[in-house]
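Source file: coords09.csv (CSV, C-alpha atoms)
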chain,number,residue,atom,x,y,z
A,30,PRO,CA,115.7,102.2,100.2
A,31,LEU,CA,112.1,103.0,101.2
A,32,ALA,CA,109.4,104.2,98.9
A,33,ASP,CA,107.7,107.5,99.8
A,34,ASP,CA,104.0,107.6,100.6
A,35,TYR,CA,103.0,107.1,97.0
A,36,GLY,CA,105.6,104.7,95.7
A,37,TYR,CA,108.8,105.1,93.7
A,38,SER,CA,108.4,107.9,91.1
A,39,THR,CA,109.3,107.0,87.5
A,40,ARG,CA,110.2,109.7,85.1
A,41,SER,CA,108.1,109.4,81.9
A,42,ASP,CA,109.1,110.5,78.4
A,43,SER,CA,106.8,113.5,78.8
A,44,GLY,CA,109.0,114.7,81.6
A,45,LEU,CA,106.4,114.1,84.3
A,46,SER,CA,107.1,111.9,87.3
A,47,ILE,CA,104.6,109.1,87.8
A,48,ASN,CA,103.9,107.5,91.1
A,49,TYR,CA,100.8,105.7,92.7
A,50,LYS,CA,99.1,109.0,93.5
A,51,SER,CA,99.9,111.0,90.4
A,52,ALA,CA,98.6,108.1,88.2
A,53,LEU,CA,95.2,108.4,89.8
A,54,ARG,CA,95.0,112.0,88.6
A,55,TYR,CA,94.6,110.7,85.1
A,56,SER,CA,90.8,110.3,84.8
A,57,PRO,CA,90.8,107.1,82.6
A,58,TRP,CA,93.2,105.4,85.0
A,59,TRP,CA,91.1,106.4,88.0
A,60,ARG,CA,87.9,105.2,86.3
A,61,GLY,CA,89.4,101.8,85.4
A,62,VAL,CA,90.8,101.1,88.8
A,63,ASN,CA,87.7,102.3,90.6
A,64,LEU,CA,85.2,100.6,88.4
A,65,ILE,CA,86.8,97.2,88.3
A,66,SER,CA,87.7,97.1,92.0
A,67,ARG,CA,84.2,98.1,93.0
A,68,ASP,CA,82.7,95.4,90.7
A,69,VAL,CA,85.0,92.7,92.1
A,70,ALA,CA,84.1,93.7,95.6
A,71,LYS,CA,80.4,93.2,94.8
A,72,LEU,CA,80.9,89.6,93.9
A,73,PRO,CA,80.0,86.9,96.5
A,74,LEU,CA,83.1,85.6,98.3
A,75,HIS,CA,82.6,82.5,100.5
A,76,ALA,CA,84.6,80.0,102.5
A,77,TYR,CA,84.3,76.4,101.3
A,78,LYS,CA,85.1,73.0,102.5
A,79,TYR,CA,85.6,69.8,100.6
A,80,LYS,CA,82.8,67.2,100.6
A,81,GLY,CA,83.5,64.0,98.7
A,82,GLU,CA,84.6,64.9,95.2
A,83,GLY,CA,83.1,68.4,95.4
A,84,LYS,CA,82.8,71.3,97.8
A,85,GLU,CA,80.2,73.3,99.7
A,86,LYS,CA,79.9,76.6,101.5
A,87,ASP,CA,81.3,76.5,105.1
A,88,THR,CA,79.3,79.1,107.0
A,89,THR,CA,80.8,77.8,110.3
A,90,HIS,CA,84.4,78.6,109.2
A,91,PRO,CA,85.8,81.6,111.2
A,92,GLY,CA,87.0,83.1,108.0
A,93,TYR,CA,83.5,83.2,106.6
A,94,VAL,CA,82.5,86.4,108.4
A,95,LEU,CA,85.8,88.0,107.5
A,96,LEU,CA,85.1,87.5,103.8
A,97,ARG,CA,81.3,88.2,103.9
A,98,ARG,CA,80.8,90.8,106.5
A,99,LYS,CA,83.8,92.6,108.2
A,100,ALA,CA,87.4,92.0,107.4
A,101,ASN,CA,88.4,93.7,110.7
A,102,ARG,CA,87.1,96.2,113.2
A,103,GLU,CA,87.6,99.1,110.9
A,104,LEU,CA,86.7,97.8,107.4
A,105,THR,CA,83.8,96.0,105.9
A,106,SER,CA,84.6,93.1,103.6
A,107,PHE,CA,83.4,95.2,100.6
A,108,ILE,CA,85.8,98.1,101.3
A,109,PHE,CA,88.6,95.6,102.1
A,110,ILE,CA,88.3,93.6,98.9
A,111,GLN,CA,87.9,96.8,96.9
A,112,THR,CA,91.1,98.2,98.4
A,113,LEU,CA,93.2,95.0,97.8
A,114,THR,CA,91.9,94.8,94.2
A,115,ALA,CA,92.8,98.4,93.5
A,116,ASN,CA,96.3,97.8,95.0
A,117,ALA,CA,96.8,94.8,92.8
A,118,MET,CA,95.7,96.6,89.7
A,119,ALA,CA,97.8,99.7,90.3
A,120,CYS,CA,100.8,98.3,92.1
A,121,GLY,CA,100.7,94.7,90.9
A,122,ASN,CA,100.2,93.4,94.4
A,123,GLY,CA,97.6,93.5,97.2
A,124,TYR,CA,98.6,92.3,100.7
A,125,ALA,CA,96.8,91.6,103.9
A,126,PHE,CA,98.0,90.1,107.2
A,127,ILE,CA,95.9,87.3,108.6
A,128,ASP,CA,95.8,87.9,112.4
A,129,ARG,CA,95.2,84.6,114.2
A,130,ASP,CA,94.1,83.5,117.6
A,131,LYS,CA,97.3,82.6,119.5
A,132,ARG,CA,95.6,80.7,122.3
A,133,GLY,CA,96.3,77.0,122.6
A,134,THR,CA,94.4,74.8,120.2
A,135,ALA,CA,92.8,77.8,118.4
A,136,ALA,CA,96.2,79.0,117.1
A,137,ALA,CA,95.1,78.7,113.4
A,138,THR,CA,91.8,80.6,113.9
A,139,PRO,CA,91.8,83.8,111.7
A,140,LEU,CA,90.5,86.8,113.7
A,141,GLU,CA,91.1,89.7,111.3
A,142,LEU,CA,92.4,90.6,107.9
A,143,ARG,CA,94.6,93.7,108.1
A,144,TRP,CA,95.7,95.7,105.1
A,145,LEU,CA,99.4,95.9,104.4
A,146,ASP,CA,101.0,98.7,102.4
A,147,PRO,CA,101.7,97.3,98.9
A,148,LEU,CA,104.5,99.9,98.4
A,149,GLN,CA,106.4,98.6,101.4
A,150,THR,CA,105.6,94.9,101.5
A,151,TYR,CA,107.6,92.3,99.6
A,152,PRO,CA,108.0,88.5,99.2
A,153,VAL,CA,111.6,87.5,99.8
A,154,ARG,CA,113.6,84.2,100.2
A,155,GLU,CA,115.6,83.4,103.3
A,156,ASN,CA,117.7,80.2,103.3
A,157,GLY,CA,115.4,79.0,100.4
A,158,ALA,CA,112.2,79.6,102.3
A,159,LEU,CA,109.6,82.1,101.2
A,160,LEU,CA,108.9,85.0,103.7
A,161,TYR,CA,107.3,88.4,103.5
A,162,VAL,CA,108.7,91.6,104.8
A,163,THR,CA,106.7,94.7,105.6
A,164,PHE,CA,107.7,98.1,107.0
A,165,GLN,CA,105.6,99.0,110.0
A,166,GLU,CA,106.2,101.4,113.0
A,167,MET,CA,109.6,102.4,111.6
A,168,THR,CA,111.0,98.9,111.4
A,169,TRP,CA,111.0,95.9,108.9
A,170,ARG,CA,109.0,92.9,110.1
A,171,LYS,CA,109.1,89.3,108.8
A,172,LEU,CA,105.8,87.5,108.2
A,173,LEU,CA,105.2,83.8,107.5
A,174,PRO,CA,103.6,83.2,104.1
A,175,GLU,CA,100.7,81.3,105.7
A,176,ASN,CA,99.8,84.6,107.5
A,177,VAL,CA,99.8,86.7,104.4
A,178,LEU,CA,97.0,87.0,101.8
A,179,HIS,CA,98.7,88.0,98.6
A,180,ILE,CA,96.8,89.0,95.5
A,181,ARG,CA,99.3,89.4,92.6
A,182,GLY,CA,99.0,90.6,89.1
A,183,LEU,CA,101.1,89.7,86.0
A,184,SER,CA,104.5,88.6,87.3
A,185,PHE,CA,107.9,87.7,86.0
A,186,ASP,CA,108.7,85.1,88.7
A,187,GLY,CA,105.2,84.3,90.0
A,188,LEU,CA,106.0,85.7,93.4
A,189,CYS,CA,105.7,89.5,92.9
A,190,GLY,CA,103.5,91.4,90.4
A,191,TYR,CA,104.9,94.1,88.2
A,192,PRO,CA,104.4,97.6,89.5
A,193,VAL,CA,101.8,98.6,86.9
A,194,TYR,CA,101.9,102.4,87.4
A,195,GLN,CA,105.7,102.2,86.7
A,196,ILE,CA,105.3,99.9,83.7
A,197,ALA,CA,102.7,102.3,82.2
A,198,ALA,CA,104.5,105.4,83.2
A,199,ASP,CA,105.0,106.7,79.6
A,200,SER,CA,101.3,106.2,78.7
A,201,LEU,CA,100.2,107.8,81.9
A,202,GLY,CA,102.7,110.6,81.4
A,203,LEU,CA,101.4,111.2,77.9
A,204,GLY,CA,97.8,111.4,79.1
A,205,LEU,CA,98.7,113.6,82.1
A,206,GLY,CA,100.9,115.8,80.0
A,207,ALA,CA,98.1,116.4,77.4
A,208,GLN,CA,95.7,117.1,80.2
A,209,LYS,CA,98.1,119.6,81.8
A,210,TYR,CA,99.0,121.2,78.4
A,211,GLY,CA,95.3,121.8,77.7
A,212,SER,CA,94.8,123.4,81.2
A,213,LYS,CA,97.8,125.7,80.6
A,214,PHE,CA,96.5,126.7,77.3
A,215,PHE,CA,93.2,127.8,78.7
A,216,LYS,CA,94.9,129.6,81.6
A,217,ASN,CA,97.7,131.3,79.6
A,218,SER,CA,96.3,131.4,76.1
A,219,ALA,CA,97.4,135.0,75.4
A,220,ARG,CA,100.1,134.8,72.7
A,221,PRO,CA,101.2,138.3,71.6
A,222,SER,CA,103.6,138.6,68.7
A,223,VAL,CA,107.0,139.8,69.8
A,224,VAL,CA,109.6,141.9,68.1
A,225,ILE,CA,112.9,142.2,70.0
A,226,GLU,CA,115.0,145.2,69.3
A,227,ILE,CA,118.6,145.4,70.4
A,228,PRO,CA,120.7,148.5,70.1
A,229,GLY,CA,124.0,147.9,68.4
A,230,THR,CA,125.3,144.4,67.9
A,231,MET,CA,125.6,141.3,70.1
A,232,THR,CA,128.5,139.1,70.6
A,233,SER,CA,128.1,135.3,70.1
A,234,GLU,CA,128.3,134.8,73.8
A,235,ALA,CA,125.6,137.5,74.4
A,236,GLN,CA,123.4,135.9,71.8
A,237,LYS,CA,123.8,132.5,73.5
A,238,THR,CA,123.0,133.9,76.9
A,239,PHE,CA,119.9,135.7,75.6
A,240,LEU,CA,118.5,132.6,73.9
A,241,GLU,CA,119.0,130.5,77.0
A,242,GLN,CA,117.1,133.1,79.1
A,243,TRP,CA,114.3,133.2,76.5
A,244,ASN,CA,114.0,129.5,76.4
A,245,ARG,CA,113.8,129.3,80.2
A,246,MET,CA,111.0,131.9,80.1
A,247,HIS,CA,108.9,130.2,77.4
A,248,GLY,CA,110.1,126.6,76.9
A,249,GLY,CA,108.6,123.4,78.4
A,250,LEU,CA,105.1,122.4,79.5
A,251,GLU,CA,105.1,124.7,82.6
A,252,GLU,CA,105.8,127.9,80.5
A,253,ALA,CA,103.7,126.9,77.4
A,254,HIS,CA,101.5,129.7,75.9

Please re-express this file's structure in structure tokens.
Amino acid sequence: PLADDYGYSTRSDSGLSINYKSALRYSPWWRGVNLISRDVAKLPLHAYKYKGEGKEKDTTHPGYVLLRRKANRELTSFIFIQTLTANAMACGNGYAFIDRDKRGTAAATPLELRWLDPLQTYPVRENGALLYVTFQEMTWRKLLPENVLHIRGLSFDGLCGYPVYQIAADSLGLGLGAQKYGSKFFKNSARPSVVIEIPGTMTSEAQKTFLEQWNRMHGGLEEAH
């Protein structure tokens, strides 16, 4: 099954559904993802080559410009690195496709780094070999691992990072629930005392029906206060 635009929703103990987008509505989560991804993107990132027992910067490597200036025609390297880091933090994985020159002897030359949707890209094994699959233009496409840049977080098998927003769904749900509860209180804080008078008597069935209706009107986070 395919994820929606914001990932698979996970029902938290608070009753709220948590997905990639809804998690970002929790201010501490947004602040953490945004702050760390921006700081990582500020760090210098170079291409290197081995020299003897050590290494040195390789400013002639075709990937140098992609890492230092522009990852592709649309994104600067700063925005690209920030995006992949944010994906890895929130989803557990950040993916990019390495588009290479297909002409003759230059077949291994990287031309662009293209973002891949972390919610619809996965590492898989086919006949024992590692591959990546990604959903693009309404179809699944197979990608060779040497053509995929994969930044992964904490992982069970070392291949695919845990979906962090799903693992943290209860914590996020608690925070978002408290946030929503407070907003509802300030919006609907009038709490008049109520005395209910009923002429005559009520059967047990009528009492049960009345209580169910009352709880539907006043129970739960949406109807609080």

Go through A:His179, A:Lys209, A:Arg245, A:Lys237 and flag the residue nearest Tyr55 in chain A, using all atoms listed in the file for the distances.
A:Lys209

For range 189-203 of chain A: contacts at 8 Å, all atoms listed in the file, fewer than 3 positions along chain excluded, given as JSON, numbers by chain:
{"A": [38, 39, 40, 41, 42, 43, 44, 45, 46, 47, 48, 49, 52, 55, 117, 118, 119, 120, 121, 122, 151, 152, 181, 182, 183, 184, 185, 186, 206, 207]}

Could you please determine the separation between CA of Arg143 in chain A and CA of Thr168 in chain A in Å, to one decimal place?
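Separation between CA of Arg143 in chain A and CA of Thr168 in chain A: 17.5 Å.
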
Please list as a PyMOL selection string every residue within 9 Å of Arg67 in chain A, counting all atoms listed in the file and excluding residues in the same chain fewer than 6 positions away.
chain A and resi 107-108+110-112+114-115

Interatomic distance, CA of Gly187 in chain A to CA of Ile65 in chain A (Å, one decimal):
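Interatomic distance here is 22.5 Å.
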
When you count all atoms listed in the file, which of these residues is closest to Ile180 in chain A: A:Ile225, A:Ala137, A:Leu113, A:Leu205?
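Using all atoms listed in the file, Ile180 in chain A sits closest to A:Leu113.
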
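Here CA of Gln165 in chain A is placed at a distance of 13.4 Å from CA of Tyr124 in chain A.
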
From the list A:Val153, A:Glu141, A:Leu53, A:Phe126, the nearest residue to Val94 in chain A using only C-alpha atoms is A:Glu141
